[in-house]
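Raw contents of query.txt, compact mmCIF, C-alpha atoms and all ligand atoms:
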```txt
# COMPACT_ATOMS: atom_id res chain seq x y z
CA VAL A 1 -30.49 96.09 -3.67
CA ALA A 2 -32.20 98.63 -5.94
CA PRO A 3 -32.03 97.74 -9.65
CA SER A 4 -29.41 99.73 -11.54
CA PRO A 5 -30.83 102.54 -13.71
CA LEU A 6 -32.09 101.30 -17.06
CA PRO A 7 -30.23 102.26 -20.21
CA LYS A 8 -33.25 103.84 -21.90
CA PRO A 9 -35.10 103.13 -24.02
CA ILE A 10 -34.89 99.32 -24.13
CA PRO A 11 -36.22 98.04 -27.45
CA PHE A 12 -38.42 94.93 -27.37
CA VAL A 13 -36.73 93.78 -30.59
CA ASP A 14 -33.54 95.60 -31.66
CA LEU A 15 -33.47 95.64 -35.45
CA ARG A 16 -31.10 98.61 -35.40
CA ALA A 17 -28.32 96.58 -33.74
CA GLN A 18 -28.66 93.89 -36.40
CA ARG A 19 -28.61 96.56 -39.11
CA GLN A 20 -25.37 97.96 -37.69
CA ARG A 21 -23.78 94.53 -37.67
CA LEU A 22 -24.74 93.85 -41.29
CA GLY A 23 -23.61 97.31 -42.35
CA ARG A 24 -22.76 97.68 -46.03
CA ARG A 25 -23.87 94.15 -46.87
CA ILE A 26 -27.51 95.25 -46.79
CA ASP A 27 -26.80 98.49 -48.68
CA ASP A 28 -24.90 96.59 -51.37
CA ALA A 29 -27.63 93.95 -51.69
CA ILE A 30 -30.29 96.63 -52.13
CA ALA A 31 -28.11 98.58 -54.57
CA ALA A 32 -27.63 95.45 -56.70
CA VAL A 33 -31.40 95.05 -57.06
CA LEU A 34 -31.84 98.75 -57.86
CA ALA A 35 -29.17 98.36 -60.54
CA HIS A 36 -30.65 95.31 -62.29
CA GLY A 37 -34.22 96.52 -61.80
CA GLN A 38 -35.98 93.16 -61.77
CA PHE A 39 -38.11 93.92 -58.74
CA ILE A 40 -40.39 90.89 -59.18
CA ASP A 41 -38.94 87.41 -59.69
CA GLY A 42 -35.38 88.72 -59.70
CA GLU A 43 -32.50 86.26 -59.40
CA GLU A 44 -32.23 86.94 -55.65
CA VAL A 45 -35.59 85.20 -55.07
CA ALA A 46 -34.33 81.94 -56.57
CA ARG A 47 -31.03 82.33 -54.72
CA LEU A 48 -32.81 82.84 -51.40
CA GLU A 49 -34.97 79.77 -52.04
CA ARG A 50 -31.81 77.66 -52.58
CA ASP A 51 -30.30 79.11 -49.37
CA LEU A 52 -33.49 78.36 -47.43
CA GLU A 53 -33.53 74.79 -48.75
CA LYS A 54 -29.94 74.32 -47.67
CA PHE A 55 -30.60 75.78 -44.23
CA SER A 56 -33.85 73.89 -43.54
CA GLY A 57 -33.00 70.62 -45.28
CA ALA A 58 -36.30 70.76 -47.20
CA ARG A 59 -36.22 69.77 -50.88
CA HIS A 60 -38.25 72.83 -51.80
CA ALA A 61 -38.55 76.31 -50.36
CA VAL A 62 -41.18 78.48 -52.06
CA ALA A 63 -40.94 82.15 -51.13
CA CYS A 64 -44.18 84.14 -50.90
CA ALA A 65 -45.54 87.50 -49.79
CA ASN A 66 -46.13 86.79 -46.07
CA GLY A 67 -46.74 84.06 -43.51
CA THR A 68 -50.52 84.33 -43.76
CA ASP A 69 -50.45 83.73 -47.51
CA ALA A 70 -48.03 80.86 -46.87
CA LEU A 71 -50.78 79.18 -44.83
CA VAL A 72 -53.44 79.97 -47.45
CA LEU A 73 -51.19 78.56 -50.19
CA ALA A 74 -50.45 75.42 -48.15
CA LEU A 75 -54.17 74.83 -47.56
CA ARG A 76 -54.96 75.47 -51.23
CA ALA A 77 -52.19 73.08 -52.31
CA GLY A 78 -53.80 70.45 -50.07
CA SER A 79 -57.19 71.14 -51.73
CA VAL A 80 -58.66 72.26 -48.40
CA GLY A 81 -61.78 74.37 -48.89
CA ALA A 82 -65.53 74.62 -48.38
CA GLY A 83 -67.00 71.66 -46.49
CA ASP A 84 -63.68 70.76 -44.85
CA ALA A 85 -62.85 71.21 -41.17
CA VAL A 86 -59.36 72.28 -40.10
CA LEU A 87 -58.23 71.85 -36.51
CA VAL A 88 -56.13 74.66 -35.07
CA PRO A 89 -54.90 75.55 -31.58
CA ALA A 90 -57.01 78.11 -29.74
CA PHE A 91 -53.91 79.93 -28.49
CA THR A 92 -52.00 81.42 -31.44
CA PHE A 93 -51.81 84.53 -33.60
CA ALA A 94 -54.98 85.24 -35.60
CA ALA A 95 -53.38 84.43 -38.96
CA THR A 96 -53.46 80.66 -38.27
CA ALA A 97 -57.27 80.71 -38.06
CA GLU A 98 -57.68 83.49 -40.62
CA ALA A 99 -56.07 81.41 -43.38
CA VAL A 100 -58.54 78.57 -42.76
CA ALA A 101 -61.53 80.92 -42.93
CA LEU A 102 -60.11 82.58 -46.07
CA VAL A 103 -60.10 79.27 -47.99
CA GLY A 104 -63.73 78.73 -46.97
CA ALA A 105 -63.09 75.83 -44.60
CA THR A 106 -64.52 75.49 -41.09
CA LEU A 107 -62.36 76.01 -38.03
CA VAL A 108 -62.38 73.72 -35.03
CA PHE A 109 -60.42 74.98 -32.03
CA VAL A 110 -58.29 72.61 -29.98
CA ASP A 111 -56.85 73.38 -26.54
CA VAL A 112 -53.12 73.75 -25.91
CA LEU A 113 -50.72 72.28 -23.36
CA PRO A 114 -50.09 74.34 -20.23
CA ASP A 115 -46.29 73.78 -20.35
CA THR A 116 -45.32 74.33 -24.01
CA PHE A 117 -48.45 76.31 -25.10
CA ASN A 118 -48.60 74.11 -28.23
CA ILE A 119 -51.58 72.09 -29.46
CA ASP A 120 -52.61 69.32 -27.01
CA PRO A 121 -52.49 65.92 -28.80
CA ASP A 122 -54.99 64.36 -26.35
CA HIS A 123 -57.52 67.12 -26.88
CA LEU A 124 -56.87 66.91 -30.61
CA ASN A 125 -57.77 63.20 -30.51
CA ALA A 126 -60.90 63.85 -28.47
CA THR A 127 -61.89 66.66 -30.86
CA LEU A 128 -61.43 64.44 -33.91
CA GLU A 129 -63.61 61.69 -32.40
CA CYS A 130 -66.26 64.24 -31.57
CA ALA A 131 -66.07 65.82 -35.05
CA ALA A 132 -66.48 62.44 -36.74
CA SER A 133 -69.66 61.68 -34.79
CA GLY A 134 -70.93 65.24 -35.44
CA GLY A 135 -70.72 64.86 -39.21
CA ALA A 136 -67.91 67.35 -39.91
CA ARG A 137 -65.25 66.34 -42.44
CA PRO A 138 -61.85 66.95 -40.86
CA LYS A 139 -59.24 67.46 -43.58
CA ALA A 140 -56.22 69.09 -41.98
CA ILE A 141 -54.48 70.06 -38.75
CA ILE A 142 -52.39 73.20 -38.42
CA ALA A 143 -49.87 72.87 -35.59
CA VAL A 144 -48.28 76.11 -34.43
CA ASP A 145 -44.78 76.22 -32.93
CA LEU A 146 -45.66 78.93 -30.47
CA PHE A 147 -42.95 81.37 -29.35
CA GLY A 148 -40.32 79.31 -31.21
CA GLN A 149 -40.72 75.81 -29.75
CA PRO A 150 -41.86 73.07 -32.16
CA ALA A 151 -45.12 71.31 -31.29
CA ASP A 152 -45.09 67.60 -30.34
CA TYR A 153 -44.60 66.26 -33.87
CA ASP A 154 -44.19 62.63 -32.74
CA SER A 155 -47.78 62.60 -31.48
CA LEU A 156 -49.16 64.89 -34.17
CA ARG A 157 -47.76 62.86 -37.07
CA ALA A 158 -49.25 59.69 -35.59
CA ILE A 159 -52.67 61.33 -35.19
CA ALA A 160 -52.59 62.79 -38.72
CA ARG A 161 -51.65 59.40 -40.16
CA ARG A 162 -54.36 57.56 -38.22
CA HIS A 163 -57.08 59.99 -39.34
CA GLU A 164 -55.61 60.52 -42.84
CA LEU A 165 -55.30 64.27 -42.33
CA MET A 166 -52.95 66.78 -43.86
CA LEU A 167 -50.57 68.13 -41.19
CA ILE A 168 -49.31 71.68 -41.71
CA ALA A 169 -46.68 73.19 -39.40
CA ASP A 170 -47.14 76.94 -38.88
CA ALA A 171 -43.49 77.72 -38.15
CA ALA A 172 -43.92 81.50 -38.42
CA GLN A 173 -42.34 81.81 -34.97
CA SER A 174 -40.01 78.80 -35.05
CA PHE A 175 -37.91 78.95 -38.19
CA GLY A 176 -34.48 77.59 -37.22
CA ALA A 177 -35.78 75.54 -34.27
CA THR A 178 -35.46 71.74 -34.13
CA TRP A 179 -37.43 68.68 -33.01
CA ARG A 180 -35.23 65.64 -32.42
CA SER A 181 -32.37 67.57 -34.09
CA ILE A 182 -34.38 68.06 -37.30
CA ARG A 183 -35.11 71.62 -38.31
CA THR A 184 -38.58 73.02 -38.88
CA GLY A 185 -39.26 72.74 -42.60
CA THR A 186 -38.96 68.97 -42.89
CA LEU A 187 -40.87 67.75 -39.83
CA VAL A 188 -44.21 67.44 -41.64
CA ASP A 189 -45.47 67.44 -45.25
CA VAL A 190 -45.84 71.21 -45.51
CA THR A 191 -44.33 73.90 -43.28
CA THR A 192 -44.98 77.64 -43.49
CA THR A 193 -43.05 80.55 -42.08
CA SER A 194 -43.14 84.35 -41.89
CA PHE A 195 -40.39 86.88 -42.47
CA PHE A 196 -42.26 89.70 -40.71
CA PRO A 197 -39.51 92.03 -39.39
CA ALA A 198 -39.84 90.97 -35.74
CA LYS A 199 -39.69 87.24 -36.49
CA PRO A 200 -36.44 85.32 -35.76
CA LEU A 201 -35.57 85.62 -39.47
CA GLY A 202 -37.25 88.82 -40.62
CA CYS A 203 -37.02 91.03 -43.70
CA TYR A 204 -37.68 94.77 -44.06
CA GLY A 205 -41.35 94.42 -44.86
CA ASP A 206 -43.62 91.43 -45.36
CA GLY A 207 -42.38 88.06 -46.52
CA GLY A 208 -42.96 84.35 -46.05
CA ALA A 209 -42.11 80.89 -47.33
CA ILE A 210 -43.46 77.37 -47.61
CA PHE A 211 -41.29 74.25 -47.28
CA CYS A 212 -42.02 70.76 -48.61
CA ASP A 213 -40.26 67.70 -50.03
CA ASP A 214 -42.86 66.74 -52.60
CA ASP A 215 -42.09 67.96 -56.16
CA GLU A 216 -45.75 68.16 -57.20
CA THR A 217 -46.74 70.15 -54.09
CA ALA A 218 -43.90 72.59 -54.81
CA ARG A 219 -45.03 72.97 -58.42
CA VAL A 220 -48.61 73.73 -57.32
CA LEU A 221 -47.40 76.22 -54.70
CA ARG A 222 -45.26 78.05 -57.29
CA SER A 223 -48.21 78.26 -59.65
CA LEU A 224 -50.69 79.40 -56.96
CA ARG A 225 -48.41 82.15 -55.64
CA SER A 226 -48.30 83.63 -59.13
CA HIS A 227 -51.98 83.84 -60.16
CA GLY A 228 -52.25 80.11 -60.84
CA GLN A 229 -49.92 80.46 -63.79
CA GLY A 230 -49.43 77.44 -66.04
CA GLY A 231 -46.36 76.53 -68.08
CA ARG A 232 -46.57 79.69 -70.18
CA ARG A 233 -47.05 83.33 -69.35
CA TYR A 234 -50.72 84.45 -69.33
CA GLU A 235 -51.86 80.87 -69.16
CA HIS A 236 -53.79 80.24 -65.91
CA ILE A 237 -54.55 76.73 -64.73
CA ALA A 238 -55.89 77.59 -61.26
CA VAL A 239 -57.35 80.54 -59.38
CA GLY A 240 -54.25 81.72 -57.57
CA LEU A 241 -52.98 84.70 -55.58
CA ASN A 242 -50.54 87.51 -56.13
CA SER A 243 -48.18 86.32 -53.41
CA ARG A 244 -44.63 86.61 -54.66
CA LEU A 245 -41.79 87.74 -52.43
CA ASP A 246 -40.30 91.05 -53.65
CA THR A 247 -36.76 90.78 -55.00
CA LEU A 248 -35.62 93.50 -52.57
CA GLN A 249 -36.85 91.48 -49.58
CA ALA A 250 -35.14 88.36 -50.95
CA ALA A 251 -31.86 90.24 -51.31
CA ILE A 252 -32.13 91.44 -47.70
CA LEU A 253 -33.03 87.96 -46.44
CA ILE A 254 -30.00 86.38 -48.16
CA GLU A 255 -27.75 88.61 -46.03
CA LYS A 256 -29.74 88.00 -42.85
CA LEU A 257 -29.83 84.23 -43.36
CA ALA A 258 -26.02 84.23 -43.56
CA ILE A 259 -25.83 85.31 -39.89
CA PHE A 260 -29.01 83.55 -38.72
CA GLN A 261 -27.38 80.55 -37.01
CA ASP A 262 -25.17 82.90 -35.05
CA GLU A 263 -28.28 84.86 -34.01
CA LEU A 264 -30.10 81.67 -33.01
CA ASP A 265 -27.14 80.74 -30.80
CA ALA A 266 -27.25 84.18 -29.19
CA ARG A 267 -31.02 83.89 -28.58
CA ASN A 268 -30.42 80.58 -26.81
CA VAL A 269 -27.75 82.05 -24.55
CA ILE A 270 -30.07 84.95 -23.70
CA ALA A 271 -33.00 82.62 -22.96
CA GLU A 272 -30.81 80.55 -20.65
CA ARG A 273 -29.62 83.69 -18.89
CA TYR A 274 -33.20 84.83 -18.38
CA SER A 275 -34.21 81.47 -16.95
CA ALA A 276 -31.18 81.36 -14.62
CA GLY A 277 -31.80 84.93 -13.46
CA LEU A 278 -35.51 84.52 -12.89
CA THR A 279 -35.59 81.44 -10.67
CA GLY A 280 -37.78 81.67 -7.58
CA ILE A 281 -40.01 84.50 -8.79
CA ALA A 282 -43.81 84.37 -8.66
CA ALA A 283 -44.04 83.49 -12.32
CA ARG A 284 -43.25 80.47 -14.44
CA THR A 285 -40.36 80.61 -16.89
CA PRO A 286 -40.57 78.83 -20.29
CA ILE A 287 -40.39 75.02 -20.40
CA LEU A 288 -38.59 73.37 -23.32
CA ARG A 289 -39.35 69.76 -24.18
CA PRO A 290 -36.19 67.57 -24.22
CA GLU A 291 -36.82 66.80 -27.94
CA ALA A 292 -36.95 70.49 -28.85
CA THR A 293 -34.73 73.49 -29.38
CA SER A 294 -36.43 76.85 -29.72
CA SER A 295 -35.72 79.81 -31.96
CA TRP A 296 -36.96 81.96 -29.07
CA SER A 297 -39.11 84.35 -31.01
CA GLN A 298 -40.53 85.20 -27.58
CA TYR A 299 -39.42 84.66 -24.00
CA THR A 300 -42.76 84.31 -22.23
CA LEU A 301 -43.58 84.11 -18.52
CA ILE A 302 -46.85 83.20 -16.81
CA SER A 303 -48.02 84.91 -13.66
CA ALA A 304 -51.26 84.58 -11.70
CA ASP A 305 -51.02 88.33 -11.09
CA ARG A 306 -50.04 89.26 -14.64
CA ASP A 307 -51.72 92.64 -15.06
CA ALA A 308 -50.32 94.16 -11.87
CA ALA A 309 -46.84 92.76 -12.61
CA VAL A 310 -46.86 94.07 -16.18
CA GLU A 311 -47.91 97.52 -15.02
CA THR A 312 -45.04 97.68 -12.51
CA ILE A 313 -42.49 96.38 -15.02
CA ARG A 314 -43.57 98.80 -17.74
CA LYS A 315 -43.40 101.71 -15.27
CA SER A 316 -39.75 100.78 -14.68
CA GLY A 317 -39.04 101.25 -18.40
CA VAL A 318 -38.99 97.62 -19.55
CA PRO A 319 -41.23 97.04 -22.59
CA ILE A 320 -43.57 94.06 -22.26
CA ALA A 321 -45.73 92.44 -24.93
CA ILE A 322 -48.73 90.22 -24.30
CA HIS A 323 -48.96 87.38 -26.78
CA TYR A 324 -51.93 86.92 -26.65
CA PRO A 325 -54.45 88.64 -24.38
CA ILE A 326 -57.48 86.84 -25.89
CA ALA A 327 -57.72 83.19 -26.99
CA LEU A 328 -58.75 82.98 -30.65
CA ASN A 329 -62.07 81.29 -29.96
CA ASP A 330 -62.94 84.22 -27.64
CA GLN A 331 -62.25 86.77 -30.40
CA ALA A 332 -65.27 88.42 -32.03
CA ALA A 333 -64.14 87.22 -35.47
CA TYR A 334 -63.88 83.54 -34.49
CA ARG A 335 -66.45 83.10 -31.71
CA GLY A 336 -68.87 81.40 -34.10
CA TYR A 337 -66.62 78.40 -34.74
CA PRO A 338 -66.74 75.27 -32.58
CA SER A 339 -64.14 74.05 -30.09
CA GLY A 340 -63.32 70.51 -28.99
CA PRO A 341 -65.13 68.75 -26.13
CA GLY A 342 -64.92 70.63 -22.82
CA GLY A 343 -63.81 73.83 -24.57
CA THR A 344 -60.31 75.26 -24.31
CA PRO A 345 -59.74 76.17 -20.63
CA VAL A 346 -55.93 76.14 -20.90
CA ALA A 347 -55.97 78.67 -23.75
CA ALA A 348 -58.28 80.93 -21.71
CA GLU A 349 -56.01 80.64 -18.66
CA LEU A 350 -52.87 81.42 -20.68
CA ALA A 351 -54.50 84.53 -22.14
CA ARG A 352 -54.91 85.78 -18.57
CA GLY A 353 -51.38 84.93 -17.43
CA VAL A 354 -48.75 85.30 -20.19
CA PHE A 355 -46.38 88.18 -20.86
CA SER A 356 -43.18 88.40 -22.89
CA LEU A 357 -39.86 90.08 -22.12
CA PRO A 358 -37.55 91.84 -24.61
CA MET A 359 -35.88 89.14 -26.72
CA HIS A 360 -33.45 89.56 -29.61
CA PRO A 361 -29.90 88.39 -30.36
CA TYR A 362 -28.33 91.75 -29.47
CA LEU A 363 -29.54 92.04 -25.88
CA ASP A 364 -26.34 92.78 -23.94
CA ASN A 365 -25.67 91.36 -20.46
CA ASP A 366 -26.00 94.70 -18.63
CA THR A 367 -29.36 95.49 -20.19
CA GLN A 368 -30.58 91.98 -19.57
CA ASP A 369 -29.44 92.14 -15.94
CA SER A 370 -31.43 95.37 -15.52
CA ILE A 371 -34.51 93.71 -17.01
CA ILE A 372 -34.07 90.70 -14.72
CA ALA A 373 -33.75 92.97 -11.68
CA VAL A 374 -36.93 94.86 -12.58
CA VAL A 375 -38.89 91.66 -13.20
CA ARG A 376 -37.59 90.06 -9.99
CA GLU A 377 -38.66 93.07 -7.98
CA ALA A 378 -42.13 93.17 -9.56
CA LEU A 379 -42.62 89.45 -8.97
CA SER A 380 -40.87 88.97 -5.64
CA ARG A 381 -42.72 86.41 -3.58
C1 LIG B 401 -48.14 81.83 -35.58
C2 LIG B 401 -48.21 82.79 -36.73
N1 LIG B 401 -48.78 82.39 -37.88
C3 LIG B 401 -48.85 83.19 -38.94
C4 LIG B 401 -48.34 84.48 -38.91
C5 LIG B 401 -48.53 85.34 -40.12
O1 LIG B 401 -47.39 85.84 -40.67
P1 LIG B 401 -47.42 87.22 -41.50
O2 LIG B 401 -47.54 88.33 -40.52
O3 LIG B 401 -46.12 87.21 -42.23
O4 LIG B 401 -48.59 87.15 -42.43
C6 LIG B 401 -47.71 84.94 -37.74
C7 LIG B 401 -47.08 86.27 -37.60
O5 LIG B 401 -47.40 87.29 -37.90
C8 LIG B 401 -47.66 84.08 -36.62
O6 LIG B 401 -47.11 84.47 -35.47
```
Would it be possible to restate this file's structure as structure tokens?
Ligand SMILES: Cc1ncc(COP(=O)(O)O)c(C=O)c1O
Amino acid sequence: VAPSPLPKPIPFVDLRAQRQRLGRRIDDAIAAVLAHGQFIDGEEVARLERDLEKFSGARHAVACANGTDALVLALRAGSVGAGDAVLVPAFTFAATAEAVALVGATLVFVDVLPDTFNIDPDHLNATLECAASGGARPKAIIAVDLFGQPADYDSLRAIARRHELMLIADAAQSFGATWRSIRTGTLVDVTTTSFFPAKPLGCYGDGGAIFCDDDETARVLRSLRSHGQGGRRYEHIAVGLNSRLDTLQAAILIEKLAIFQDELDARNVIAERYSAGLTGIAARTPILRPEATSSWSQYTLISADRDAAVETIRKSGVPIAIHYPIALNDQAAYRGYPSGPGGTPVAAELARGVFSLPMHPYLDNDTQDSIIAVVREALSR
């Protein structure tokens, strides 16, 4: 049966549908900020932080300018810098590695698991043993919850404890997801996230946040995000950043967070529908660990014949994204940093095979059925 004609164009992420649903609530929130005029550190920022704490269960949520700064601030709060090595997965967005380089620390790339795409605890162990004998001073691990699924925090916490390392969760793609029914934000000492518009919880520009339970860490983070400010204005106790979240973005996020759980539920239904509709094709559908729920920032398939399949699917009018076509340790910017023993063959293989389908909470059944039909045809065995 020929696939039914596609309702064109299909957006990869439909922010317009969400905007329509929120309607006047966004306009009113923006108007309120325009009226009071406190564009930096307005009351909405503190209100959003309280809402984020409530949602995540973390004692402290510290809003900041973006998810990359959130990582930089987390590393700085952990006193990670020159002479320290930070272990990161080789298959992630560049920002995870970029933050490490920006604080002057050395990167060490670790391979990922072929099923969840998250950092491989066994390779992490092997890399740490190798690093110790090579004279490097490992100080921290950044685990990334790729495409929305939390990494294996049972194993990672044990490894971090054994080696006395700081464990940071880069939850830029997984805010709202859970590991053993606990939300990202409280699974490790410090968690970061991004509110980039296309993220599961996105604002209308750049934004980010850091989550922690420790009062002192939260105090340092608040100081660092505002030029290392001390107790008084124009008193500076540390070299910080200008990394505050704009009041306007906070006001927008308050409204979006109010419907976020509903959107997460919708993303889960859509992911299940994709997986049910795509059985038996010549590609692997996402695998969720039994301990995990995902916030489905991406729905990502793997095919041995990825490039040909993607070309056919795109020609049929379905937008496809490739996250990510090059493993980080194969990127020109990061090629000079070492990887764990045996290199990172899984990351290299994933870069050749992955591709992501349209995924957002407002994907209706008819559109999704059309996408499924196109993908099935392109990948029929
Ligand atoms: C895994 C990961 N880490 C960090 C970031 C950085 O976030 P931002 O774009 O808000 O700086 C992103 C997204 O962009 C990401 O996907």
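For the choices A:Leu113, A:Val33, A:Leu48, A:Leu201, the atom-to-atom distance to ligand LIG 401 (chain B) is smallest for A:Leu201 when using all atoms listed in the file.
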8 Å shell around ligand LIG 401 (chain B) using all atoms listed in the file, listed as a ChimeraX atom specification:
/A:65-71,92-96,144-146,170-173,193-196,199,206-208
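Between A:Ala160 and the candidates A:Arg180, A:Asn365, A:Leu87, A:Phe147, the tightest atom-to-atom separation, counting all atoms listed in the file, involves A:Leu87.
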Neighbour list for A:Asp14 as a compact mmCIF listing (two decimals) with C-alpha atoms, in the coordinates of the input, cut-off 10 Å, all atoms listed in the file, skip fewer than 5 positions in-chain:
```txt
# COMPACT_ATOMS: atom_id res chain seq x y z
CA ARG A 19 -28.61 96.56 -39.11
CA ALA A 198 -39.84 90.97 -35.74
CA PRO A 358 -37.55 91.84 -24.61
CA MET A 359 -35.88 89.14 -26.72
CA HIS A 360 -33.45 89.56 -29.61
CA PRO A 361 -29.90 88.39 -30.36
CA TYR A 362 -28.33 91.75 -29.47
CA LEU A 363 -29.54 92.04 -25.88
```
The distance between atom CA of A:Asp111 and atom CA of A:Ala99 is 18.7 Å
Using only C-alpha atoms, find each residue in stretch 6-83 of chain A having at least one atom no more than 9 Å away from stretch 166-169 of chain A; report its shortest atom-to-atom pair and that distance in Å (one decimal), rows by chain then rising number, as a tab-separated table.
```
residue	atom	partner	partner_atom	distance
A:Leu71	CA	A:Ile168	CA	8.3
A:Ala74	CA	A:Ile168	CA	7.5
A:Leu75	CA	A:Ile168	CA	8.2
A:Gly78	CA	A:Met166	CA	7.3
```
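With atom CA of A:Ile254 on one side and atom CA of A:Thr300 on the other, the separation reads 29.0 Å.
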Do a neighbour search on stretch 264-278 of chain A at 12 Å with all atoms listed in the file, toss out local chain neighbours closer than 4 positions, and write the hits as a VMD selection string.
chain A and resid 13 147 to 149 174 to 178 199 to 201 256 to 260 282 to 288 293 to 301 356 to 381
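Among the candidates A:Asp84, A:Asp213, A:Glu164, A:Asp246, the one nearest to A:Gly57 when counting all atoms listed in the file is A:Asp213.
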Scan for residues within 10 Å of the point (-32.7, 95.7, -56.7) in the coordinates of the file, using only C-alpha atoms, and reply as a list in words.
Asp28, Ala29, Ile30, Ala31, Ala32, Val33, Leu34, Ala35, His36, Gly37, Gln38, Phe39, Ile40, Gly42, Glu43, Glu44, Asp246, Thr247, Leu248, Gln249, Ala250, Ala251 and Ile252 of chain A
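In terms of minimum interatomic distance to A:Asp189, A:Ala58 ranks closest within A:Pro345, A:Ala58, A:Asn118, A:Tyr324, counting only C-alpha atoms.
One finds atom CA of A:Val100 at 27.3 Å from atom CA of A:Glu235.
For the set A:Glu53, A:Leu22, A:Ser316, A:Gly343, the residue with the smallest atom-to-atom gap to A:Arg183 is A:Glu53, counting all atoms listed in the file.
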Which residue of A:Arg59, A:Arg47, A:Arg21, A:Arg335 approaches A:Gly185 most closely, using only C-alpha atoms:
A:Arg59
Distance query A:Ile210 at most 7 Å, only C-alpha atoms, self and fewer than 5 positions along chain excluded, as a ChimeraX atom specification
/A:61-63,70,190-193
